[in-house]
Each structure stands twice: as C-alpha cells, then as structure tokens.
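As provided, protein00.cif (mmCIF, C-alpha atoms, pLDDT in the B column; chains and numbers go by the auth columns) reads as follows.
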```cif
data_protein
#
loop_
_atom_site.group_PDB
_atom_site.id
_atom_site.type_symbol
_atom_site.label_atom_id
_atom_site.label_comp_id
_atom_site.label_asym_id
_atom_site.label_seq_id
_atom_site.Cartn_x
_atom_site.Cartn_y
_atom_site.Cartn_z
_atom_site.B_iso_or_equiv
_atom_site.auth_seq_id
_atom_site.auth_asym_id
ATOM 1 C CA MET A 1 0.000 0.000 0.000 80.00 1 N
ATOM 2 C CA LEU A 2 2.781 2.405 0.871 81.00 2 N
ATOM 3 C CA ALA A 3 4.766 1.565 -2.255 80.00 3 N
ATOM 4 C CA ARG A 4 1.773 2.146 -4.511 84.00 4 N
ATOM 5 C CA PHE A 5 -0.099 5.020 -2.864 86.00 5 N
ATOM 6 C CA GLY A 6 2.454 6.565 -0.507 86.00 6 N
ATOM 7 C CA ALA A 7 1.214 8.950 2.173 90.00 7 N
ATOM 8 C CA TRP A 8 -2.305 8.921 0.713 92.00 8 N
ATOM 9 C CA ALA A 9 -2.649 5.293 1.807 91.00 9 N
ATOM 10 C CA VAL A 10 -2.029 6.497 5.354 93.00 10 N
ATOM 11 C CA LEU A 11 -4.755 9.122 5.022 94.00 11 N
ATOM 12 C CA ALA A 12 -7.327 6.676 3.625 92.00 12 N
ATOM 13 C CA VAL A 13 -6.633 3.792 6.012 91.00 13 N
ATOM 14 C CA VAL A 14 -6.455 5.888 9.175 93.00 14 N
ATOM 15 C CA PHE A 15 -9.654 7.733 8.222 94.00 15 N
ATOM 16 C CA ALA A 16 -11.539 4.497 7.564 91.00 16 N
ATOM 17 C CA GLU A 17 -10.240 2.799 10.707 89.00 17 N
ATOM 18 C CA ALA A 18 -11.240 5.732 12.902 89.00 18 N
ATOM 19 C CA GLY A 19 -14.601 6.510 11.321 87.00 19 N
ATOM 20 C CA LEU A 20 -16.169 3.604 9.415 86.00 20 N
ATOM 21 C CA PRO A 21 -17.129 0.787 11.820 82.00 21 N
ATOM 22 C CA ALA A 22 -18.134 -1.719 9.130 78.00 22 N
ATOM 23 C CA LEU A 23 -14.733 -1.385 7.458 81.00 23 N
ATOM 24 C CA GLY A 24 -12.337 -0.075 10.088 73.00 24 N
ATOM 25 C CA VAL A 25 -12.155 -3.204 12.232 71.00 25 N
ATOM 26 C CA PHE A 26 -10.377 -4.961 9.348 76.00 26 N
ATOM 27 C CA LEU A 27 -7.821 -2.230 8.589 77.00 27 N
ATOM 28 C CA PRO A 28 -4.203 -2.049 9.845 71.00 28 N
ATOM 29 C CA GLY A 29 -3.869 1.296 11.617 77.00 29 N
ATOM 30 C CA ASP A 30 -0.952 0.562 13.943 79.00 30 N
ATOM 31 C CA THR A 31 0.698 -1.781 11.486 81.00 31 N
ATOM 32 C CA LEU A 32 0.645 0.852 8.740 87.00 32 N
ATOM 33 C CA LEU A 33 1.819 3.911 10.675 90.00 33 N
ATOM 34 C CA LEU A 34 5.075 2.381 11.900 86.00 34 N
ATOM 35 C CA PRO A 35 6.207 1.270 8.408 86.00 35 N
ATOM 36 C CA ALA A 36 5.074 4.625 7.010 89.00 36 N
ATOM 37 C CA GLY A 37 7.362 6.417 9.441 88.00 37 N
ATOM 38 C CA LEU A 38 10.211 4.067 8.625 86.00 38 N
ATOM 39 C CA ALA A 39 9.653 4.742 4.910 86.00 39 N
ATOM 40 C CA CYS A 40 10.469 8.406 5.580 88.00 40 N
ATOM 41 C CA SER A 41 13.936 7.680 6.964 84.00 41 N
ATOM 42 C CA LEU A 42 17.269 7.987 5.191 77.00 42 N
ATOM 43 C CA SER A 43 17.737 4.210 5.360 73.00 43 N
ATOM 44 C CA VAL A 44 15.149 3.898 2.573 73.00 44 N
ATOM 45 C CA PRO A 45 16.373 4.470 -1.019 71.00 45 N
ATOM 46 C CA GLY A 46 15.522 7.882 -2.387 70.00 46 N
ATOM 47 C CA ALA A 47 13.006 6.702 -4.990 67.00 47 N
ATOM 48 C CA SER A 48 10.959 4.870 -2.343 74.00 48 N
ATOM 49 C CA ARG A 49 11.333 7.394 0.475 84.00 49 N
ATOM 50 C CA LEU A 50 8.228 9.219 1.676 89.00 50 N
ATOM 51 C CA SER A 51 7.998 12.780 2.948 91.00 51 N
ATOM 52 C CA LEU A 52 7.879 12.820 6.757 93.00 52 N
ATOM 53 C CA PRO A 53 5.852 16.080 6.996 95.00 53 N
ATOM 54 C CA LEU A 54 3.325 14.747 4.465 95.00 54 N
ATOM 55 C CA VAL A 55 2.960 11.403 6.253 94.00 55 N
ATOM 56 C CA LEU A 56 2.510 13.154 9.608 96.00 56 N
ATOM 57 C CA ALA A 57 -0.091 15.481 8.097 96.00 57 N
ATOM 58 C CA CYS A 58 -1.990 12.626 6.448 95.00 58 N
ATOM 59 C CA ALA A 59 -1.929 10.534 9.628 95.00 59 N
ATOM 60 C CA GLY A 60 -3.182 13.435 11.726 95.00 60 N
ATOM 61 C CA ALA A 61 -5.846 14.549 9.249 96.00 61 N
ATOM 62 C CA GLY A 62 -7.145 11.010 8.717 94.00 62 N
ATOM 63 C CA SER A 63 -7.277 10.397 12.443 94.00 63 N
ATOM 64 C CA LEU A 64 -9.168 13.596 13.269 95.00 64 N
ATOM 65 C CA ALA A 65 -11.572 13.488 10.312 96.00 65 N
ATOM 66 C CA GLY A 66 -12.289 9.792 10.788 94.00 66 N
ATOM 67 C CA ALA A 67 -13.108 10.198 14.469 94.00 67 N
ATOM 68 C CA GLN A 68 -15.520 13.050 13.759 95.00 68 N
ATOM 69 C CA THR A 69 -17.175 10.997 11.019 94.00 69 N
ATOM 70 C CA GLY A 70 -17.644 8.053 13.365 92.00 70 N
ATOM 71 C CA PHE A 71 -19.070 10.377 16.009 94.00 71 N
ATOM 72 C CA TRP A 72 -21.509 11.842 13.473 92.00 72 N
ATOM 73 C CA LEU A 73 -22.623 8.340 12.423 89.00 73 N
ATOM 74 C CA GLY A 74 -23.307 7.456 16.025 88.00 74 N
ATOM 75 C CA ARG A 75 -25.142 10.716 16.701 87.00 75 N
ATOM 76 C CA ARG A 76 -27.272 10.701 13.538 84.00 76 N
ATOM 77 C CA GLY A 77 -27.702 7.048 12.731 73.00 77 N
ATOM 78 C CA GLY A 78 -27.958 5.489 16.168 61.00 78 N
ATOM 79 C CA ARG A 79 -28.279 1.766 16.517 55.00 79 N
ATOM 80 C CA SER A 80 -30.229 1.446 13.295 52.00 80 N
ATOM 81 C CA MET A 81 -27.128 2.058 11.171 49.00 81 N
ATOM 82 C CA ARG A 82 -24.124 -0.249 10.858 46.00 82 N
ATOM 83 C CA LEU A 83 -22.859 0.524 14.345 43.00 83 N
ATOM 84 C CA ARG A 84 -24.120 -2.856 15.536 47.00 84 N
ATOM 85 C CA GLN A 85 -23.197 -5.732 13.267 49.00 85 N
ATOM 86 C CA PRO A 86 -25.963 -8.302 12.789 49.00 86 N
ATOM 87 C CA GLU A 87 -23.732 -11.135 13.991 53.00 87 N
ATOM 88 C CA GLY A 88 -22.985 -11.672 17.667 52.00 88 N
ATOM 89 C CA ARG A 89 -19.332 -10.654 17.436 57.00 89 N
ATOM 90 C CA GLY A 90 -20.210 -7.192 16.109 57.00 90 N
ATOM 91 C CA ARG A 91 -22.708 -6.615 18.900 66.00 91 N
ATOM 92 C CA ASP A 92 -20.171 -7.716 21.496 69.00 92 N
ATOM 93 C CA ARG A 93 -17.574 -5.318 20.102 69.00 93 N
ATOM 94 C CA MET A 94 -19.954 -2.383 20.292 73.00 94 N
ATOM 95 C CA GLN A 95 -20.986 -3.329 23.808 76.00 95 N
ATOM 96 C CA ARG A 96 -17.316 -3.454 24.819 76.00 96 N
ATOM 97 C CA ALA A 97 -16.893 0.096 23.537 78.00 97 N
ATOM 98 C CA GLU A 98 -19.935 1.215 25.519 80.00 98 N
ATOM 99 C CA ALA A 99 -18.609 -0.605 28.585 81.00 99 N
ATOM 100 C CA LEU A 100 -15.452 1.500 28.290 81.00 100 N
ATOM 101 C CA PHE A 101 -17.595 4.621 28.737 87.00 101 N
ATOM 102 C CA ALA A 102 -19.411 3.114 31.699 84.00 102 N
ATOM 103 C CA ARG A 103 -16.138 2.177 33.393 84.00 103 N
ATOM 104 C CA TYR A 104 -13.942 5.227 32.716 85.00 104 N
ATOM 105 C CA GLY A 105 -16.309 8.023 31.752 89.00 105 N
ATOM 106 C CA PRO A 106 -16.543 9.636 28.291 90.00 106 N
ATOM 107 C CA ARG A 107 -13.304 11.635 28.288 91.00 107 N
ATOM 108 C CA ARG A 108 -10.976 8.861 29.386 90.00 108 N
ATOM 109 C CA ALA A 109 -12.858 6.357 27.237 91.00 109 N
ATOM 110 C CA VAL A 110 -12.211 8.412 24.100 93.00 110 N
ATOM 111 C CA VAL A 111 -8.516 8.730 24.960 92.00 111 N
ATOM 112 C CA LEU A 112 -7.951 5.119 26.040 88.00 112 N
ATOM 113 C CA GLY A 113 -10.047 3.677 23.232 87.00 113 N
ATOM 114 C CA ARG A 114 -7.833 5.299 20.613 89.00 114 N
ATOM 115 C CA PHE A 115 -4.934 3.054 21.597 86.00 115 N
ATOM 116 C CA VAL A 116 -6.864 -0.258 21.598 83.00 116 N
ATOM 117 C CA PRO A 117 -7.288 -2.068 18.246 79.00 117 N
ATOM 118 C CA VAL A 118 -10.924 -2.685 17.183 78.00 118 N
ATOM 119 C CA ILE A 119 -12.190 -0.571 20.099 83.00 119 N
ATOM 120 C CA ARG A 120 -10.465 2.358 18.371 85.00 120 N
ATOM 121 C CA THR A 121 -12.927 1.978 15.487 86.00 121 N
ATOM 122 C CA LEU A 122 -16.035 1.721 17.675 86.00 122 N
ATOM 123 C CA VAL A 123 -15.352 4.207 20.461 90.00 123 N
ATOM 124 C CA HIS A 124 -16.181 7.220 18.276 92.00 124 N
ATOM 125 C CA PRO A 125 -19.626 5.990 17.138 90.00 125 N
ATOM 126 C CA ALA A 126 -20.278 4.946 20.728 89.00 126 N
ATOM 127 C CA ALA A 127 -19.530 8.490 21.893 91.00 127 N
ATOM 128 C CA GLY A 128 -22.110 9.883 19.466 90.00 128 N
ATOM 129 C CA LEU A 129 -24.586 7.139 20.294 87.00 129 N
ATOM 130 C CA LEU A 130 -24.335 7.845 24.024 87.00 130 N
ATOM 131 C CA GLY A 131 -24.753 11.600 23.576 87.00 131 N
ATOM 132 C CA MET A 132 -21.286 12.891 24.474 91.00 132 N
ATOM 133 C CA PRO A 133 -21.189 16.684 23.891 94.00 133 N
ATOM 134 C CA THR A 134 -19.643 17.538 20.523 93.00 134 N
ATOM 135 C CA ALA A 135 -17.177 20.113 21.879 94.00 135 N
ATOM 136 C CA SER A 136 -15.885 17.766 24.570 94.00 136 N
ATOM 137 C CA PHE A 137 -15.569 14.870 22.136 95.00 137 N
ATOM 138 C CA THR A 138 -13.730 16.985 19.561 96.00 138 N
ATOM 139 C CA LEU A 139 -11.208 18.222 22.129 96.00 139 N
ATOM 140 C CA TRP A 140 -10.376 14.798 23.560 95.00 140 N
ATOM 141 C CA GLN A 141 -10.421 12.862 20.319 95.00 141 N
ATOM 142 C CA ALA A 142 -8.088 15.434 18.745 96.00 142 N
ATOM 143 C CA ALA A 143 -5.614 15.139 21.619 96.00 143 N
ATOM 144 C CA ALA A 144 -5.735 11.342 21.596 95.00 144 N
ATOM 145 C CA GLY A 145 -5.709 11.050 17.811 94.00 145 N
ATOM 146 C CA LEU A 146 -2.678 13.267 17.364 95.00 146 N
ATOM 147 C CA ALA A 147 -0.809 11.538 20.186 94.00 147 N
ATOM 148 C CA TRP A 148 -1.549 8.116 18.670 92.00 148 N
ATOM 149 C CA SER A 149 -0.869 8.860 15.010 94.00 149 N
ATOM 150 C CA GLN A 150 2.138 11.150 15.359 95.00 150 N
ATOM 151 C CA SER A 151 3.909 9.003 17.955 92.00 151 N
ATOM 152 C CA LEU A 152 3.678 5.877 15.800 91.00 152 N
ATOM 153 C CA VAL A 153 4.930 7.624 12.660 93.00 153 N
ATOM 154 C CA LEU A 154 7.807 9.232 14.546 93.00 154 N
ATOM 155 C CA SER A 155 8.673 5.928 16.216 88.00 155 N
ATOM 156 C CA GLY A 156 8.924 4.267 12.833 87.00 156 N
ATOM 157 C CA TYR A 157 11.022 7.132 11.547 90.00 157 N
ATOM 158 C CA ALA A 158 13.377 6.903 14.534 87.00 158 N
ATOM 159 C CA LEU A 159 13.686 3.173 13.960 83.00 159 N
ATOM 160 C CA GLY A 160 14.694 3.759 10.370 82.00 160 N
ATOM 161 C CA GLU A 161 17.189 6.454 11.307 82.00 161 N
ATOM 162 C CA THR A 162 19.174 3.938 13.349 78.00 162 N
ATOM 163 C CA GLY A 163 20.422 2.559 10.032 66.00 163 N
ATOM 164 C CA ARG A 164 19.695 -0.389 7.798 60.00 164 N
ATOM 165 C CA HIS A 165 19.757 -2.754 10.760 56.00 165 N
ATOM 166 C CA GLY A 166 16.814 -0.868 12.244 53.00 166 N
ATOM 167 C CA THR A 167 14.479 -2.330 9.631 57.00 167 N
ATOM 168 C CA ALA A 168 15.047 -5.779 11.131 58.00 168 N
ATOM 169 C CA TYR A 169 13.218 -4.601 14.252 58.00 169 N
ATOM 170 C CA LEU A 170 10.134 -3.377 12.389 59.00 170 N
ATOM 171 C CA ALA A 171 8.115 -6.603 12.736 62.00 171 N
ATOM 172 C CA PRO A 172 8.846 -6.949 16.499 67.00 172 N
ATOM 173 C CA ALA A 173 7.972 -3.272 16.979 60.00 173 N
ATOM 174 C CA VAL A 174 4.633 -3.680 15.191 61.00 174 N
ATOM 175 C CA ALA A 175 3.889 -6.805 17.225 64.00 175 N
ATOM 176 C CA ALA A 176 4.726 -4.975 20.455 64.00 176 N
ATOM 177 C CA VAL A 177 2.364 -2.111 19.588 61.00 177 N
ATOM 178 C CA VAL A 178 -0.484 -4.512 18.787 62.00 178 N
ATOM 179 C CA VAL A 179 0.078 -6.537 21.973 62.00 179 N
ATOM 180 C CA ALA A 180 0.215 -3.364 24.074 59.00 180 N
ATOM 181 C CA GLY A 181 -3.132 -2.292 22.625 57.00 181 N
ATOM 182 C CA VAL A 182 -4.836 -5.659 23.086 60.00 182 N
ATOM 183 C CA LEU A 183 -3.432 -6.348 26.568 62.00 183 N
ATOM 184 C CA PRO A 184 -5.828 -4.094 28.569 60.00 184 N
ATOM 185 C CA THR A 185 -8.856 -5.724 26.929 58.00 185 N
ATOM 186 C CA ALA A 186 -7.465 -9.194 27.597 61.00 186 N
ATOM 187 C CA VAL A 187 -6.781 -8.362 31.254 61.00 187 N
ATOM 188 C CA GLN A 188 -10.307 -6.996 31.679 60.00 188 N
ATOM 189 C CA TRP A 189 -11.757 -10.138 30.095 57.00 189 N
ATOM 190 C CA VAL A 190 -9.786 -12.399 32.455 64.00 190 N
ATOM 191 C CA ARG A 191 -10.894 -10.363 35.459 62.00 191 N
ATOM 192 C CA SER A 192 -14.539 -10.528 34.410 62.00 192 N
ATOM 193 C CA ARG A 193 -14.355 -14.289 33.947 64.00 193 N
ATOM 194 C CA ARG A 194 -12.882 -14.679 37.416 66.00 194 N
ATOM 195 C CA ALA A 195 -15.631 -12.478 38.849 61.00 195 N
ATOM 196 C CA ASP A 196 -18.232 -14.606 37.064 59.00 196 N
ATOM 197 C CA ARG A 197 -16.798 -17.781 38.583 66.00 197 N
ATOM 198 C CA ARG A 198 -16.865 -16.266 42.071 65.00 198 N
ATOM 199 C CA LEU A 199 -20.521 -15.301 41.623 61.00 199 N
ATOM 200 C CA VAL A 200 -21.416 -18.818 40.544 59.00 200 N
ATOM 201 C CA GLU A 201 -19.502 -20.325 43.466 62.00 201 N
ATOM 202 C CA LEU A 202 -21.307 -18.059 45.937 63.00 202 N
ATOM 203 C CA ASP A 203 -24.764 -18.666 44.475 56.00 203 N
ATOM 204 C CA PRO A 204 -25.235 -20.878 41.406 56.00 204 N
ATOM 205 C CA ALA A 205 -28.751 -19.449 40.949 54.00 205 N
ATOM 206 C CA VAL A 206 -27.428 -15.914 40.315 50.00 206 N
ATOM 207 C CA PRO A 207 -27.410 -15.093 36.560 53.00 207 N
ATOM 208 C CA VAL A 208 -23.879 -14.421 35.314 49.00 208 N
ATOM 209 C CA ALA A 209 -23.243 -11.035 33.693 48.00 209 N
ATOM 210 C CA ARG A 210 -20.723 -11.287 30.888 48.00 210 N
ATOM 211 C CA VAL A 211 -18.421 -8.503 29.772 44.00 211 N
ATOM 212 C CA PRO A 212 -20.741 -7.031 27.100 46.00 212 N
ATOM 213 C CA SER A 213 -23.496 -6.523 29.673 44.00 213 N
ATOM 214 C CA GLN A 214 -21.277 -4.013 31.472 44.00 214 N
ATOM 215 C CA SER A 215 -22.262 -1.403 28.916 43.00 215 N
ATOM 216 C CA SER A 216 -24.128 1.676 29.972 44.00 216 N
ATOM 217 C CA PRO A 217 -27.939 1.722 30.142 46.00 217 N
ATOM 218 C CA ASP A 218 -30.036 2.441 27.109 49.00 218 N
ATOM 219 C CA PRO A 219 -28.744 5.676 25.506 44.00 219 N
ATOM 220 C CA GLY A 220 -32.281 6.939 25.265 45.00 220 N
ATOM 221 C CA ARG A 221 -32.305 7.233 29.059 43.00 221 N
ATOM 222 C CA THR A 222 -28.664 7.982 29.888 47.00 222 N
ATOM 223 C CA ARG A 223 -26.513 10.581 28.204 55.00 223 N
ATOM 224 C CA CYS A 224 -22.778 11.243 28.480 56.00 224 N
ATOM 225 C CA ARG A 225 -21.823 14.360 30.376 52.00 225 N
#
```
Can you give me the file's structure in the form of structure tokens?
Amino acid sequence: MLARFGAWAVLAVVFAEAGLPALGVFLPGDTLLLPAGLACSLSVPGASRLSLPLVLACAGAGSLAGAQTGFWLGRRGGRSMRLRQPEGRGRDRMQRAEALFARYGPRRAVVLGRFVPVIRTLVHPAAGLLGMPTASFTLWQAAAGLAWSQSLVLSGYALGETGRHGTAYLAPAVAAVVVAGVLPTAVQWVRSRRADRRLVELDPAVPVARVPSQSSPDPGRTRCR
C-alpha cells in the first residue's frame, strides 16, 4: 500500500479505521503507521522514500476526520445504522466500547479507546450514540488522535534512522504495539471471567453477567456528560 499510494494510503486507512465501523475493524492502523514512518527515513532508497511532513499530516488529518465521522454516524444514525453488526461478534464489540464509557467516563474512554485495536474503530460511534457533547468529544479525540498517530509515525522514523539494521526490528515493533493495545482488553476479560466464577460459586442461581453486559444503560435514558 505504501509503495503504490504513498502517504495517501495512510490518510485513507487511518480515516476508515477511525470513522467507518463496518470497514475499520479490518484495517491495519498501527501496522501501517510504523512502516510509514520508517519509509520516511534515510535508510530507505531515495526513490521509495516518503515525505515525513506529508505522512505526519496525512496521519493526523485522517485520524481527526475519521473520528468526527464516526461520532456523526453514532449521533445521527444510532443503533439502526451499521454501528451494531448483525452477527454476535459485532454486537459484542460495540458493547465493549460502551462498557469502556461506563467504566472510565466519556473523556478517558475516548482517549484510552484510541490506543486499543478494534475498540479504536467503535469508540467514536459509541460516543455519538451515548450523547457525548460535541465540543468535549472533539477536544479529547483530537488530543488522543494526534498523540496516537504522530507518535507511531515518529517511532517508525526513529527506527529507520538507526540505520539499515533498524528495519530488522520493524516486525517486532509492530507486534509490540499490537500486543500493548490488546493487553488491557485481555486483562479486563480475564478479570470478568474470574468475577463470574466467584458469583457462581457463591450462588449458582445468580445469573452471570458477561463482559458485554457491562455497557451503559439504554442511551435513550442515559446521556454522556
């Protein structure tokens, strides 16, 4: 993608990942930004080298515009649009995003959700769906989006500037970023399963509440503040 479309691939992919739930969950945000930054370094041959300012601008613009688009879809379309996939996995993903708001509040949820794969795509529609004020959402998504996109591009660039041997560490670096993003969700899932087991041990008749049920109440009754 980078070889064929250059920095414009960064703009398109980051925008879609941040703003189009039906498509974004399948796109490689983290795993594109690091190589894009590396492609701007002097270790890349001149004909294939990308412009660092242009890549940073495309990453930032795609991140900000995509988040606002996702927020608008959630605000205008609600649950009737493609924010909830018809299959069970899509519903669970959206409920996990809503659970993030219930657990951390809207501001921290928008910031934390930006750094978690899959949740990053759904947290913006969830913010619109749950009625988060537009001004507050715009402020916090801009701060989180710029921190996420610019740091990954610059990390890839720094990796490339270490010399040709730095490219050998690209795959481990991408893997580390993905694991770091998935780890909080995995830890929360393990904790919830342990809590479920304790509830069953205390009283087998008590219905077990799984992770998706931790989402906030119906958005028609509860709004983000």
(message) Can you spell out as a PyMOL selection string the set of residues that the PyMOL selection byres ((chain N and resi 11) around 9) selects in the structure I just provided?
(response) chain N and resi 7-10+12-16+55+57-63
Since we have the selection now, will you write its residues out, keeping C-alpha atoms, as a PDB file, keeping the file's coordinate frame?
```pdb
ATOM      1  CA  ALA N   7       1.214   8.950   2.173  1.00 90.00           C
ATOM      2  CA  TRP N   8      -2.305   8.921   0.713  1.00 92.00           C
ATOM      3  CA  ALA N   9      -2.649   5.293   1.807  1.00 91.00           C
ATOM      4  CA  VAL N  10      -2.029   6.497   5.354  1.00 93.00           C
ATOM      5  CA  ALA N  12      -7.327   6.676   3.625  1.00 92.00           C
ATOM      6  CA  VAL N  13      -6.633   3.792   6.012  1.00 91.00           C
ATOM      7  CA  VAL N  14      -6.455   5.888   9.175  1.00 93.00           C
ATOM      8  CA  PHE N  15      -9.654   7.733   8.222  1.00 94.00           C
ATOM      9  CA  ALA N  16     -11.539   4.497   7.564  1.00 91.00           C
ATOM     10  CA  VAL N  55       2.960  11.403   6.253  1.00 94.00           C
ATOM     11  CA  ALA N  57      -0.091  15.481   8.097  1.00 96.00           C
ATOM     12  CA  CYS N  58      -1.990  12.626   6.448  1.00 95.00           C
ATOM     13  CA  ALA N  59      -1.929  10.534   9.628  1.00 95.00           C
ATOM     14  CA  GLY N  60      -3.182  13.435  11.726  1.00 95.00           C
ATOM     15  CA  ALA N  61      -5.846  14.549   9.249  1.00 96.00           C
ATOM     16  CA  GLY N  62      -7.145  11.010   8.717  1.00 94.00           C
ATOM     17  CA  SER N  63      -7.277  10.397  12.443  1.00 94.00           C
TER      18      SER N  63
END
```
(request) Within 10 Å of N:Ala3, counting all atoms listed in the file, which residues show up once you throw out same-chain ones fewer than 2 positions away? Write them as a PyMOL selection string, please. (result) chain N and resi 1+5-7+9+36+39+48-50
Each side padded by 5 Å, which centre and which edge lengths in Å (one decimal) define the axis-aligned box around the listed atoms of stretch 108-123 of chain N? Give them as AutoDock Vina command-line options.
```
--center_x -10.5 --center_y 3.1 --center_z 22.4 --size_x 21.1 --size_y 21.5 --size_z 23.9
```
(request) Could you expand the PyMOL selection byres ((chain N and resi 97) around 8) into the explicit residues it covers here, written as a list in words? (result) Arg93, Met94, Gln95, Arg96, Glu98, Ala99, Leu100, Phe101, Gly113, Ile119, Leu122, Val123, Ala126 and Ser215 of chain N
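When only C-alpha atoms are used to measure the gap to N:Pro35, the shortest distance among N:Ala135, N:Leu2, N:Thr121, N:Ala147 belongs to N:Leu2.
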(message) Between N:Phe26, N:Tyr104, N:Trp72, N:Phe115, which residue has the minimum interatomic distance to N:Thr138, considering only C-alpha atoms?
(response) N:Trp72
